[in-house]
Amino acid sequence: MIIRNIFFLFALLFLNNVVAHELSTTFIAAELSEDGSLNGQVKLDVLDLKEVITLDIDANGELTWGELEVSKVIVHTYISNGLRFFAGTDQCMLNLNSPLELQELNGVTYLVVPFSSECPKMSKLRFEYSLLFDAAANHKAIFSLLVESQQHVFIVDDENSRNSIDVSLNENSSWATFGAFIYQGIFHILIGLDHILFLFTLLLTLCLYRHLNEWKNIESKKIIIRKTLVIITAFTVAHSITLSGTALGIIPVMGSWIEVAIAASILFNVINNLFPMIKKLGVITFIFGLIHGMGFAGALSEFGFTKEHQLLSVLGFNLGVEIGQLGVLIIFLPILLWLRKSNYYKSYGMQLLSLLVGGLAIYWIVERW
């Protein structure tokens, strides 16, 4: 009974993560010229934006491009009130006259709003950000500023959203950028539910083996640890190859089919859990890891980086992904080690969890096609 209750709690937590809105992120990228002109764009999650301003004008539950166009002035006003730049004590006038655009990123639709501003020459530029925190408690903004080949990357959350951040324009920001990209690698794993579920479906049978068409628990923890190391190493090496190669321009950037392929990789793991075909998961994990690495590279490209900081940024992001991946492992593996001895888990639990993930994977495939 205790095992069954633990399993249902585990499934409930999983379902809560599935139906909940993924971590909310705004992307801001700008370039500051020598004459003080600032040009860039802000990308806002459309679903979050709907929570704070009225975009669905006819209130039919469906948002159209025409409604976005009609709401352009409201959107511009909202951004102007929540995104400010200062040179010293003087506020730089923000111009938002360019047309709106939509962009898909990791299955999320973003409203892209270009902006420009004129600031007097200064040694420091301050900015304040307070958008979308009313829409999502876990909201963060990633601000990337390019100044004279120097890339400055900042993470803004609800704790420092209304506090000005000083950017020293003459200061080398290599290690600050490296740290910011480590953070982004970790953050991307947290918002990338598909990457988490890929690892999750692999872990579901990691503590089990198939004998006479039945799942049996592996008694030896050494064997389980060895299997875990094989899978994690295969996934790490594979996605590091394509992430680094794509980000550095060695491997060409792939299209939106990558997101479909990532969802398909999850579905394959689910099918393999229900109808075991491949026992040695290291090879298939490596193959799918190459695909996931291309997905990571697509997210990394959104942050932007200069050639001077290119390698350091890629290494930082890759390291962050590994830290996030280890965090997922630390959370799930001890639970599965304990559940492996449960007959309920071996007969029903693993299969039900796989089916839940499989249903979500099918939804993603259809949505991203």
# chains A, B, ... in the order shown; residues from 1 in each chain; ligands from 1
>>> select_by_dssp(residues="segment 202-356 of chain A", states="helix (DSSP H, G or I)", output="tab-separated table (two decimals) with N, CA and C atoms, in the first residue's frame")
chain	number	residue	atom	x	y	z
A	202	LEU	N	14.32	6.85	-20.06
A	202	LEU	CA	15.46	5.93	-20.01
A	202	LEU	C	15.65	5.38	-18.60
A	203	LEU	N	15.45	6.24	-17.61
A	203	LEU	CA	15.68	5.83	-16.22
A	203	LEU	C	14.61	4.87	-15.71
A	221	LYS	N	23.46	-2.84	-6.96
A	221	LYS	CA	23.51	-1.40	-7.21
A	221	LYS	C	24.70	-1.04	-8.10
A	222	LYS	N	25.75	-1.87	-8.05
A	222	LYS	CA	26.91	-1.61	-8.91
A	222	LYS	C	26.54	-1.71	-10.38
A	223	ILE	N	25.72	-2.72	-10.70
A	223	ILE	CA	25.28	-2.89	-12.09
A	223	ILE	C	24.41	-1.70	-12.51
A	224	ILE	N	23.54	-1.26	-11.61
A	224	ILE	CA	22.67	-0.12	-11.92
A	224	ILE	C	23.49	1.14	-12.14
A	225	ILE	N	24.48	1.35	-11.27
A	225	ILE	CA	25.34	2.53	-11.42
A	225	ILE	C	26.12	2.46	-12.72
A	226	ARG	N	26.59	1.25	-13.07
A	226	ARG	CA	27.34	1.09	-14.32
A	226	ARG	C	26.45	1.38	-15.53
A	227	LYS	N	25.21	0.89	-15.51
A	227	LYS	CA	24.27	1.17	-16.60
A	227	LYS	C	23.95	2.66	-16.68
A	228	THR	N	23.82	3.27	-15.51
A	228	THR	CA	23.54	4.71	-15.48
A	228	THR	C	24.69	5.50	-16.09
A	229	LEU	N	25.91	5.15	-15.74
A	229	LEU	CA	27.08	5.84	-16.28
A	229	LEU	C	27.17	5.70	-17.79
A	230	VAL	N	26.83	4.51	-18.30
A	230	VAL	CA	26.88	4.30	-19.75
A	230	VAL	C	25.89	5.21	-20.46
A	231	ILE	N	24.66	5.27	-19.94
A	231	ILE	CA	23.62	6.08	-20.57
A	231	ILE	C	23.95	7.57	-20.47
A	232	ILE	N	24.32	8.03	-19.28
A	232	ILE	CA	24.62	9.45	-19.09
A	232	ILE	C	25.82	9.87	-19.92
A	233	THR	N	26.85	9.00	-19.96
A	233	THR	CA	28.05	9.32	-20.76
A	233	THR	C	27.71	9.39	-22.24
A	234	ALA	N	26.92	8.44	-22.72
A	234	ALA	CA	26.54	8.42	-24.13
A	234	ALA	C	25.76	9.68	-24.49
A	235	PHE	N	24.81	10.06	-23.64
A	235	PHE	CA	24.01	11.26	-23.91
A	235	PHE	C	24.87	12.52	-23.84
A	236	THR	N	25.77	12.57	-22.85
A	236	THR	CA	26.63	13.75	-22.68
A	236	THR	C	27.57	13.93	-23.86
A	237	VAL	N	28.26	12.87	-24.25
A	237	VAL	CA	29.21	12.96	-25.37
A	237	VAL	C	28.48	13.34	-26.65
A	238	ALA	N	27.33	12.71	-26.89
A	238	ALA	CA	26.59	12.95	-28.13
A	238	ALA	C	26.10	14.39	-28.23
A	239	HIS	N	25.39	14.87	-27.20
A	239	HIS	CA	24.84	16.22	-27.33
A	239	HIS	C	25.93	17.28	-27.26
A	240	SER	N	27.08	16.96	-26.63
A	240	SER	CA	28.20	17.90	-26.61
A	240	SER	C	28.77	18.07	-28.02
A	241	ILE	N	28.80	16.98	-28.79
A	241	ILE	CA	29.33	17.04	-30.15
A	241	ILE	C	28.48	17.96	-31.02
A	242	THR	N	27.19	17.73	-31.05
A	242	THR	CA	26.33	18.52	-31.93
A	242	THR	C	26.07	19.93	-31.39
A	243	LEU	N	26.00	20.07	-30.07
A	243	LEU	CA	25.83	21.40	-29.49
A	243	LEU	C	27.02	22.29	-29.83
A	244	SER	N	28.22	21.78	-29.57
A	244	SER	CA	29.43	22.57	-29.83
A	244	SER	C	29.63	22.77	-31.33
A	245	GLY	N	29.44	21.71	-32.11
A	245	GLY	CA	29.66	21.80	-33.55
A	245	GLY	C	28.71	22.78	-34.21
A	246	THR	N	27.44	22.77	-33.82
A	246	THR	CA	26.46	23.68	-34.40
A	246	THR	C	26.72	25.11	-33.95
A	247	ALA	N	26.98	25.30	-32.67
A	247	ALA	CA	27.19	26.65	-32.14
A	247	ALA	C	28.45	27.29	-32.73
A	257	TRP	N	12.44	20.66	-37.76
A	257	TRP	CA	12.20	19.21	-37.63
A	257	TRP	C	12.94	18.63	-36.43
A	258	ILE	N	13.96	19.33	-35.94
A	258	ILE	CA	14.70	18.86	-34.77
A	258	ILE	C	13.77	18.71	-33.57
A	259	GLU	N	12.86	19.66	-33.39
A	259	GLU	CA	11.94	19.59	-32.27
A	259	GLU	C	11.00	18.41	-32.40
A	260	VAL	N	10.61	18.09	-33.65
A	260	VAL	CA	9.77	16.90	-33.88
A	260	VAL	C	10.57	15.64	-33.56
A	261	ALA	N	11.84	15.62	-33.99
A	261	ALA	CA	12.69	14.45	-33.75
A	261	ALA	C	12.94	14.23	-32.27
A	262	ILE	N	13.06	15.32	-31.49
A	262	ILE	CA	13.25	15.21	-30.05
A	262	ILE	C	12.03	14.55	-29.40
A	263	ALA	N	10.84	15.00	-29.81
A	263	ALA	CA	9.60	14.38	-29.29
A	263	ALA	C	9.51	12.93	-29.71
A	264	ALA	N	9.94	12.62	-30.95
A	264	ALA	CA	9.91	11.23	-31.44
A	264	ALA	C	10.88	10.35	-30.65
A	265	SER	N	11.99	10.92	-30.21
A	265	SER	CA	12.95	10.14	-29.41
A	265	SER	C	12.34	9.72	-28.08
A	266	ILE	N	11.52	10.60	-27.50
A	266	ILE	CA	10.83	10.26	-26.25
A	266	ILE	C	9.83	9.14	-26.50
A	267	LEU	N	9.08	9.25	-27.59
A	267	LEU	CA	8.08	8.23	-27.93
A	267	LEU	C	8.75	6.88	-28.18
A	268	PHE	N	9.91	6.89	-28.82
A	268	PHE	CA	10.64	5.64	-29.04
A	268	PHE	C	11.01	4.98	-27.72
A	269	ASN	N	11.50	5.77	-26.76
A	269	ASN	CA	11.83	5.22	-25.44
A	269	ASN	C	10.61	4.61	-24.76
A	270	VAL	N	9.48	5.28	-24.91
A	270	VAL	CA	8.24	4.77	-24.31
A	270	VAL	C	7.86	3.43	-24.92
A	271	ILE	N	7.90	3.35	-26.24
A	271	ILE	CA	7.57	2.09	-26.93
A	271	ILE	C	8.54	0.99	-26.52
A	272	ASN	N	9.80	1.35	-26.37
A	272	ASN	CA	10.80	0.36	-25.98
A	272	ASN	C	10.59	-0.10	-24.54
A	273	ASN	N	10.04	0.76	-23.69
A	273	ASN	CA	9.71	0.37	-22.32
A	273	ASN	C	8.55	-0.61	-22.29
A	274	LEU	N	7.55	-0.37	-23.16
A	274	LEU	CA	6.35	-1.21	-23.19
A	274	LEU	C	6.56	-2.50	-23.97
A	281	LEU	N	20.99	0.19	-24.22
A	281	LEU	CA	20.47	1.53	-24.49
A	281	LEU	C	21.56	2.56	-24.79
A	282	GLY	N	22.82	2.19	-24.61
A	282	GLY	CA	23.90	3.15	-24.81
A	282	GLY	C	23.95	3.69	-26.24
A	283	VAL	N	23.81	2.78	-27.22
A	283	VAL	CA	23.91	3.19	-28.63
A	283	VAL	C	22.76	4.10	-29.03
A	284	ILE	N	21.54	3.68	-28.70
A	284	ILE	CA	20.38	4.48	-29.08
A	284	ILE	C	20.38	5.81	-28.33
A	285	THR	N	20.88	5.82	-27.09
A	285	THR	CA	20.99	7.07	-26.34
A	285	THR	C	21.96	8.02	-27.01
A	286	PHE	N	23.06	7.47	-27.53
A	286	PHE	CA	24.05	8.30	-28.23
A	286	PHE	C	23.44	8.91	-29.49
A	287	ILE	N	22.70	8.10	-30.26
A	287	ILE	CA	22.09	8.60	-31.50
A	287	ILE	C	21.09	9.71	-31.21
A	288	PHE	N	20.22	9.47	-30.24
A	288	PHE	CA	19.24	10.50	-29.89
A	288	PHE	C	19.90	11.70	-29.22
A	289	GLY	N	21.02	11.46	-28.52
A	289	GLY	CA	21.75	12.56	-27.90
A	289	GLY	C	22.26	13.55	-28.93
A	290	LEU	N	22.64	13.05	-30.11
A	290	LEU	CA	23.07	13.94	-31.19
A	290	LEU	C	21.95	14.88	-31.59
A	291	ILE	N	20.73	14.34	-31.63
A	291	ILE	CA	19.56	15.15	-32.00
A	291	ILE	C	19.26	16.19	-30.92
A	292	HIS	N	19.31	15.77	-29.66
A	292	HIS	CA	19.03	16.70	-28.57
A	292	HIS	C	20.07	17.81	-28.53
A	293	GLY	N	21.32	17.49	-28.88
A	293	GLY	CA	22.36	18.51	-28.91
A	293	GLY	C	22.06	19.61	-29.91
A	294	MET	N	21.45	19.23	-31.04
A	294	MET	CA	21.05	20.24	-32.03
A	294	MET	C	19.94	21.13	-31.47
A	295	GLY	N	19.07	20.54	-30.65
A	295	GLY	CA	18.03	21.33	-30.00
A	295	GLY	C	18.63	22.31	-29.00
A	296	PHE	N	19.64	21.86	-28.23
A	296	PHE	CA	20.34	22.75	-27.30
A	296	PHE	C	20.99	23.90	-28.07
A	297	ALA	N	21.58	23.58	-29.22
A	297	ALA	CA	22.27	24.61	-30.01
A	297	ALA	C	21.29	25.66	-30.50
A	298	GLY	N	20.06	25.23	-30.83
A	298	GLY	CA	19.05	26.19	-31.26
A	298	GLY	C	18.72	27.18	-30.16
A	299	ALA	N	18.65	26.67	-28.91
A	299	ALA	CA	18.38	27.57	-27.78
A	299	ALA	C	19.56	28.49	-27.52
A	300	LEU	N	20.78	27.94	-27.62
A	300	LEU	CA	21.97	28.74	-27.39
A	300	LEU	C	22.08	29.87	-28.39
A	301	SER	N	21.68	29.64	-29.64
A	301	SER	CA	21.79	30.66	-30.68
A	301	SER	C	20.93	31.87	-30.36
A	310	GLN	N	32.95	33.27	-28.04
A	310	GLN	CA	32.17	32.16	-28.60
A	310	GLN	C	32.48	30.84	-27.91
A	311	LEU	N	33.75	30.48	-27.85
A	311	LEU	CA	34.14	29.20	-27.27
A	311	LEU	C	33.78	29.15	-25.79
A	312	LEU	N	34.06	30.25	-25.08
A	312	LEU	CA	33.77	30.29	-23.64
A	312	LEU	C	32.27	30.18	-23.38
A	313	SER	N	31.48	30.81	-24.23
A	313	SER	CA	30.03	30.75	-24.08
A	313	SER	C	29.50	29.34	-24.30
A	314	VAL	N	30.02	28.67	-25.34
A	314	VAL	CA	29.59	27.31	-25.65
A	314	VAL	C	29.99	26.36	-24.53
A	315	LEU	N	31.21	26.51	-24.03
A	315	LEU	CA	31.67	25.65	-22.94
A	315	LEU	C	30.83	25.87	-21.68
A	316	GLY	N	30.52	27.12	-21.39
A	316	GLY	CA	29.70	27.43	-20.22
A	316	GLY	C	28.30	26.85	-20.33
A	317	PHE	N	27.68	27.00	-21.50
A	317	PHE	CA	26.34	26.47	-21.71
A	317	PHE	C	26.34	24.95	-21.61
A	318	ASN	N	27.36	24.32	-22.21
A	318	ASN	CA	27.47	22.86	-22.16
A	318	ASN	C	27.64	22.38	-20.73
A	319	LEU	N	28.47	23.07	-19.98
A	319	LEU	CA	28.68	22.70	-18.57
A	319	LEU	C	27.39	22.85	-17.78
A	320	GLY	N	26.64	23.91	-18.06
A	320	GLY	CA	25.36	24.10	-17.39
A	320	GLY	C	24.37	23.00	-17.69
A	321	VAL	N	24.34	22.56	-18.95
A	321	VAL	CA	23.47	21.45	-19.34
A	321	VAL	C	23.83	20.19	-18.55
A	322	GLU	N	25.14	19.95	-18.39
A	322	GLU	CA	25.57	18.76	-17.64
A	322	GLU	C	25.17	18.86	-16.18
A	323	ILE	N	25.30	20.02	-15.59
A	323	ILE	CA	24.91	20.20	-14.19
A	323	ILE	C	23.40	19.97	-14.04
A	324	GLY	N	22.62	20.52	-14.96
A	324	GLY	CA	21.18	20.30	-14.91
A	324	GLY	C	20.81	18.85	-15.10
A	325	GLN	N	21.53	18.18	-15.98
A	325	GLN	CA	21.29	16.75	-16.24
A	325	GLN	C	21.58	15.92	-15.00
A	326	LEU	N	22.67	16.24	-14.31
A	326	LEU	CA	23.00	15.53	-13.08
A	326	LEU	C	21.95	15.79	-12.01
A	327	GLY	N	21.40	17.00	-12.00
A	327	GLY	CA	20.33	17.31	-11.05
A	327	GLY	C	19.11	16.44	-11.27
A	328	VAL	N	18.74	16.23	-12.56
A	328	VAL	CA	17.62	15.34	-12.89
A	328	VAL	C	17.91	13.92	-12.40
A	329	LEU	N	19.12	13.47	-12.62
A	329	LEU	CA	19.52	12.12	-12.20
A	329	LEU	C	19.45	11.96	-10.69
A	330	ILE	N	19.93	12.96	-9.98
A	330	ILE	CA	19.95	12.91	-8.51
A	330	ILE	C	18.52	12.84	-7.96
A	331	ILE	N	17.59	13.49	-8.63
A	331	ILE	CA	16.20	13.49	-8.17
A	331	ILE	C	15.52	12.15	-8.42
A	332	PHE	N	15.66	11.63	-9.65
A	332	PHE	CA	14.88	10.47	-10.05
A	332	PHE	C	15.50	9.12	-9.66
A	333	LEU	N	16.80	8.99	-9.74
A	333	LEU	CA	17.42	7.68	-9.55
A	333	LEU	C	17.18	7.08	-8.17
A	334	PRO	N	17.35	7.83	-7.06
A	334	PRO	CA	17.08	7.22	-5.75
A	334	PRO	C	15.64	6.71	-5.62
A	335	ILE	N	14.68	7.46	-6.20
A	335	ILE	CA	13.28	7.01	-6.13
A	335	ILE	C	13.09	5.71	-6.89
A	336	LEU	N	13.69	5.63	-8.08
A	336	LEU	CA	13.54	4.42	-8.89
A	336	LEU	C	14.29	3.24	-8.28
A	337	LEU	N	15.39	3.49	-7.61
A	337	LEU	CA	16.10	2.42	-6.91
A	337	LEU	C	15.21	1.81	-5.84
A	338	TRP	N	14.45	2.65	-5.18
A	338	TRP	CA	13.56	2.15	-4.13
A	338	TRP	C	12.34	1.45	-4.72
A	339	LEU	N	11.80	2.00	-5.83
A	339	LEU	CA	10.60	1.44	-6.43
A	339	LEU	C	10.85	0.13	-7.16
A	343	ASN	N	6.40	-4.90	-6.76
A	343	ASN	CA	5.71	-5.64	-7.83
A	343	ASN	C	4.74	-4.74	-8.57
A	344	TYR	N	4.14	-3.79	-7.84
A	344	TYR	CA	3.21	-2.87	-8.48
A	344	TYR	C	3.92	-2.02	-9.52
A	345	TYR	N	5.11	-1.54	-9.17
A	345	TYR	CA	5.87	-0.70	-10.12
A	345	TYR	C	6.27	-1.52	-11.35
A	346	LYS	N	6.76	-2.74	-11.13
A	346	LYS	CA	7.22	-3.58	-12.25
A	346	LYS	C	6.07	-4.00	-13.15
A	347	SER	N	4.90	-4.20	-12.59
A	347	SER	CA	3.77	-4.71	-13.37
A	347	SER	C	2.89	-3.61	-13.96
A	348	TYR	N	2.78	-2.47	-13.24
A	348	TYR	CA	1.86	-1.43	-13.68
A	348	TYR	C	2.48	-0.03	-13.69
A	349	GLY	N	3.23	0.28	-12.66
A	349	GLY	CA	3.72	1.65	-12.48
A	349	GLY	C	4.59	2.15	-13.60
A	350	MET	N	5.63	1.38	-13.95
A	350	MET	CA	6.52	1.79	-15.02
A	350	MET	C	5.76	1.96	-16.33
A	351	GLN	N	4.84	1.04	-16.60
A	351	GLN	CA	4.08	1.09	-17.84
A	351	GLN	C	3.16	2.31	-17.88
A	352	LEU	N	2.51	2.62	-16.75
A	352	LEU	CA	1.60	3.75	-16.71
A	352	LEU	C	2.35	5.07	-16.88
A	353	LEU	N	3.48	5.20	-16.19
A	353	LEU	CA	4.29	6.40	-16.34
A	353	LEU	C	4.78	6.55	-17.78
A	354	SER	N	5.17	5.44	-18.40
A	354	SER	CA	5.60	5.47	-19.79
A	354	SER	C	4.47	5.94	-20.71
A	355	LEU	N	3.26	5.42	-20.46
A	355	LEU	CA	2.11	5.81	-21.28
A	355	LEU	C	1.80	7.30	-21.13
A	356	LEU	N	1.91	7.82	-19.91
A	356	LEU	CA	1.67	9.24	-19.69
A	356	LEU	C	2.65	10.09	-20.50
>>> residues_around(residues="segment 208-210 of chain A", least_positions_apart="2", cutoff="9 Å", atoms="only C-alpha atoms", output="ChimeraX atom specification")
/A:204-206,212-219,224,276,279,340,346
>>> residues_around(residues="Glu69 of chain A", least_positions_apart="6", cutoff="10 Å", atoms="only C-alpha atoms", output="PDB file with N, CA, C and O atoms, in the first residue's frame")
ATOM      1  N   LEU A  55      -5.229  40.606 -25.112  1.00  0.00           N
ATOM      2  CA  LEU A  55      -4.900  40.395 -26.522  1.00  0.00           C
ATOM      3  C   LEU A  55      -6.036  39.705 -27.263  1.00  0.00           C
ATOM      4  O   LEU A  55      -6.261  39.958 -28.443  1.00  0.00           O
ATOM      5  N   VAL A  75       0.681  46.782 -26.541  1.00  0.00           N
ATOM      6  CA  VAL A  75       1.913  46.009 -26.324  1.00  0.00           C
ATOM      7  C   VAL A  75       3.102  46.951 -26.186  1.00  0.00           C
ATOM      8  O   VAL A  75       3.935  46.800 -25.283  1.00  0.00           O
ATOM      9  N   PRO A  99       7.439  46.808 -37.048  1.00  0.00           N
ATOM     10  CA  PRO A  99       6.327  45.839 -37.018  1.00  0.00           C
ATOM     11  C   PRO A  99       6.608  44.677 -36.080  1.00  0.00           C
ATOM     12  O   PRO A  99       7.757  44.312 -35.832  1.00  0.00           O
ATOM     13  N   LEU A 100       5.535  44.078 -35.560  1.00  0.00           N
ATOM     14  CA  LEU A 100       5.648  42.918 -34.681  1.00  0.00           C
ATOM     15  C   LEU A 100       5.942  41.668 -35.506  1.00  0.00           C
ATOM     16  O   LEU A 100       5.615  41.580 -36.686  1.00  0.00           O
ATOM     17  N   GLU A 101       6.565  40.667 -34.866  1.00  0.00           N
ATOM     18  CA  GLU A 101       6.833  39.386 -35.498  1.00  0.00           C
ATOM     19  C   GLU A 101       6.538  38.275 -34.502  1.00  0.00           C
ATOM     20  O   GLU A 101       6.523  38.502 -33.287  1.00  0.00           O
TER      21      GLU A 101
END
>>> atom_distance(atom1="atom CA of His76 of chain A", atom2="atom CA of Ser98 of chain A")
10.1 Å
>>> atom_distance(atom1="atom CA of Asn81 of chain A", atom2="atom CA of Phe187 of chain A")
26.7 Å
>>> residues_around(residues="Glu104 of chain A", least_positions_apart="3", cutoff="10 Å", atoms="only C-alpha atoms", output="PyMOL selection string")
chain A and resi 45+107-111+256+368
>>> closest_residue(among="A:Ser33, A:Ser71, A:Ser24, A:Ser342", to="Asp134 of chain A", atoms="only C-alpha atoms")
A:Ser24
>>> atom_distance(atom1="atom CA of Phe127 of chain A", atom2="atom CA of Phe178 of chain A")
21.0 Å
>>> select_by_dssp(residues="segment 135-342 of chain A", states="strand (DSSP E)", output="list in words")
Lys140, Ala141, Ile142, Phe143, Ser144, Leu145, Leu146, Val147, Gln150, Gln151, His152, Val153, Phe154, Ile155, Val156, Ile165, Asp166, Val167, Ser168, Leu208, Tyr209, Arg210, His211, Glu214, Trp215, Lys216 and Asn217 of chain A
>>> write_last_selection(atoms="N, CA, C and O atoms", output="CSV table (one decimal), in the first residue's frame")
chain,number,residue,atom,x,y,z
A,140,LYS,N,11.9,34.8,-15.7
A,140,LYS,CA,13.2,35.4,-15.7
A,140,LYS,C,13.4,36.1,-17.1
A,140,LYS,O,12.7,35.7,-18.1
A,141,ALA,N,14.3,37.0,-17.2
A,141,ALA,CA,14.7,37.6,-18.4
A,141,ALA,C,16.2,37.4,-18.6
A,141,ALA,O,17.0,37.5,-17.7
A,142,ILE,N,16.5,37.2,-19.9
A,142,ILE,CA,17.9,37.0,-20.2
A,142,ILE,C,18.3,38.2,-21.1
A,142,ILE,O,17.7,38.4,-22.2
A,143,PHE,N,19.2,39.1,-20.6
A,143,PHE,CA,19.6,40.3,-21.3
A,143,PHE,C,21.0,40.2,-21.8
A,143,PHE,O,21.9,40.0,-21.1
A,144,SER,N,21.1,40.2,-23.1
A,144,SER,CA,22.4,40.1,-23.8
A,144,SER,C,22.8,41.5,-24.5
A,144,SER,O,22.0,41.9,-25.3
A,145,LEU,N,23.9,42.1,-24.0
A,145,LEU,CA,24.3,43.4,-24.6
A,145,LEU,C,25.6,43.3,-25.2
A,145,LEU,O,26.6,42.9,-24.6
A,146,LEU,N,25.7,43.7,-26.5
A,146,LEU,CA,27.0,43.7,-27.2
A,146,LEU,C,27.5,45.1,-27.3
A,146,LEU,O,26.9,46.0,-27.7
A,147,VAL,N,28.7,45.3,-26.7
A,147,VAL,CA,29.4,46.6,-26.7
A,147,VAL,C,30.8,46.4,-27.1
A,147,VAL,O,31.6,45.8,-26.5
A,150,GLN,N,32.4,43.2,-27.0
A,150,GLN,CA,32.2,42.6,-25.6
A,150,GLN,C,30.8,42.2,-25.4
A,150,GLN,O,29.9,42.9,-25.7
A,151,GLN,N,30.6,40.9,-25.0
A,151,GLN,CA,29.3,40.4,-24.8
A,151,GLN,C,29.0,40.4,-23.3
A,151,GLN,O,29.7,39.8,-22.5
A,152,HIS,N,28.0,41.1,-22.9
A,152,HIS,CA,27.5,41.1,-21.5
A,152,HIS,C,26.2,40.4,-21.4
A,152,HIS,O,25.2,40.8,-22.1
A,153,VAL,N,26.1,39.4,-20.6
A,153,VAL,CA,24.9,38.6,-20.4
A,153,VAL,C,24.4,38.7,-18.9
A,153,VAL,O,25.2,38.4,-18.0
A,154,PHE,N,23.2,39.0,-18.7
A,154,PHE,CA,22.6,39.1,-17.4
A,154,PHE,C,21.3,38.4,-17.3
A,154,PHE,O,20.5,38.3,-18.2
A,155,ILE,N,21.1,37.8,-16.1
A,155,ILE,CA,19.9,37.1,-15.8
A,155,ILE,C,19.1,38.0,-14.8
A,155,ILE,O,19.6,38.4,-13.7
A,156,VAL,N,17.9,38.3,-15.1
A,156,VAL,CA,17.0,39.2,-14.3
A,156,VAL,C,15.9,38.3,-13.8
A,156,VAL,O,15.2,37.7,-14.5
A,165,ILE,N,20.8,47.5,-13.0
A,165,ILE,CA,22.1,46.7,-13.1
A,165,ILE,C,23.1,47.6,-13.9
A,165,ILE,O,22.8,48.0,-15.0
A,166,ASP,N,24.2,47.8,-13.4
A,166,ASP,CA,25.2,48.6,-14.0
A,166,ASP,C,26.0,47.8,-15.0
A,166,ASP,O,26.5,46.7,-14.6
A,167,VAL,N,26.3,48.2,-16.2
A,167,VAL,CA,27.1,47.5,-17.1
A,167,VAL,C,28.3,48.4,-17.4
A,167,VAL,O,28.2,49.4,-18.0
A,168,SER,N,29.5,47.9,-16.9
A,168,SER,CA,30.7,48.6,-17.2
A,168,SER,C,31.1,48.4,-18.6
A,168,SER,O,31.6,47.3,-18.9
A,208,LEU,N,15.7,-2.3,-13.8
A,208,LEU,CA,15.0,-3.5,-14.1
A,208,LEU,C,15.7,-4.3,-15.3
A,208,LEU,O,16.5,-3.7,-16.0
A,209,TYR,N,15.4,-5.6,-15.4
A,209,TYR,CA,15.8,-6.3,-16.6
A,209,TYR,C,14.7,-7.3,-17.0
A,209,TYR,O,13.8,-7.6,-16.2
A,210,ARG,N,14.7,-7.7,-18.2
A,210,ARG,CA,13.6,-8.5,-18.8
A,210,ARG,C,14.0,-10.0,-18.7
A,210,ARG,O,15.0,-10.3,-19.2
A,211,HIS,N,13.1,-10.8,-18.2
A,211,HIS,CA,13.3,-12.2,-18.1
A,211,HIS,C,12.0,-12.9,-18.2
A,211,HIS,O,11.0,-12.7,-17.5
A,214,GLU,N,8.9,-10.8,-18.4
A,214,GLU,CA,8.5,-10.1,-17.2
A,214,GLU,C,9.7,-9.2,-16.7
A,214,GLU,O,10.8,-9.6,-16.9
A,215,TRP,N,9.3,-8.1,-16.1
A,215,TRP,CA,10.3,-7.2,-15.6
A,215,TRP,C,10.8,-7.7,-14.2
A,215,TRP,O,9.9,-8.0,-13.3
A,216,LYS,N,12.1,-7.8,-14.0
A,216,LYS,CA,12.6,-8.2,-12.7
A,216,LYS,C,13.5,-7.1,-12.2
A,216,LYS,O,14.1,-6.3,-13.0
A,217,ASN,N,13.7,-6.9,-10.9
A,217,ASN,CA,14.5,-5.9,-10.4
A,217,ASN,C,16.0,-6.3,-10.3
A,217,ASN,O,16.3,-7.5,-10.1
>>> closest_residue(among="A:Glu118, A:Leu83, A:Leu131, A:Leu190", to="Asp35 of chain A", atoms="only C-alpha atoms")
A:Glu118
>>> decode(residues="segment 212-225 of chain A", atoms="C-alpha atoms", output="PDB file, in the first residue's frame")
ATOM      1  CA  LEU A 212      10.641 -14.564 -19.569  1.00  0.00           C
ATOM      2  CA  ASN A 213       8.534 -11.578 -20.661  1.00  0.00           C
ATOM      3  CA  GLU A 214       8.511 -10.127 -17.159  1.00  0.00           C
ATOM      4  CA  TRP A 215      10.346  -7.235 -15.582  1.00  0.00           C
ATOM      5  CA  LYS A 216      12.642  -8.192 -12.696  1.00  0.00           C
ATOM      6  CA  ASN A 217      14.531  -5.875 -10.378  1.00  0.00           C
ATOM      7  CA  ILE A 218      18.316  -5.682 -10.543  1.00  0.00           C
ATOM      8  CA  GLU A 219      19.637  -6.439  -7.083  1.00  0.00           C
ATOM      9  CA  SER A 220      23.185  -5.156  -7.604  1.00  0.00           C
ATOM     10  CA  LYS A 221      23.509  -1.397  -7.214  1.00  0.00           C
ATOM     11  CA  LYS A 222      26.913  -1.605  -8.906  1.00  0.00           C
ATOM     12  CA  ILE A 223      25.279  -2.892 -12.086  1.00  0.00           C
ATOM     13  CA  ILE A 224      22.666  -0.122 -11.918  1.00  0.00           C
ATOM     14  CA  ILE A 225      25.338   2.527 -11.421  1.00  0.00           C
TER      15      ILE A 225
END
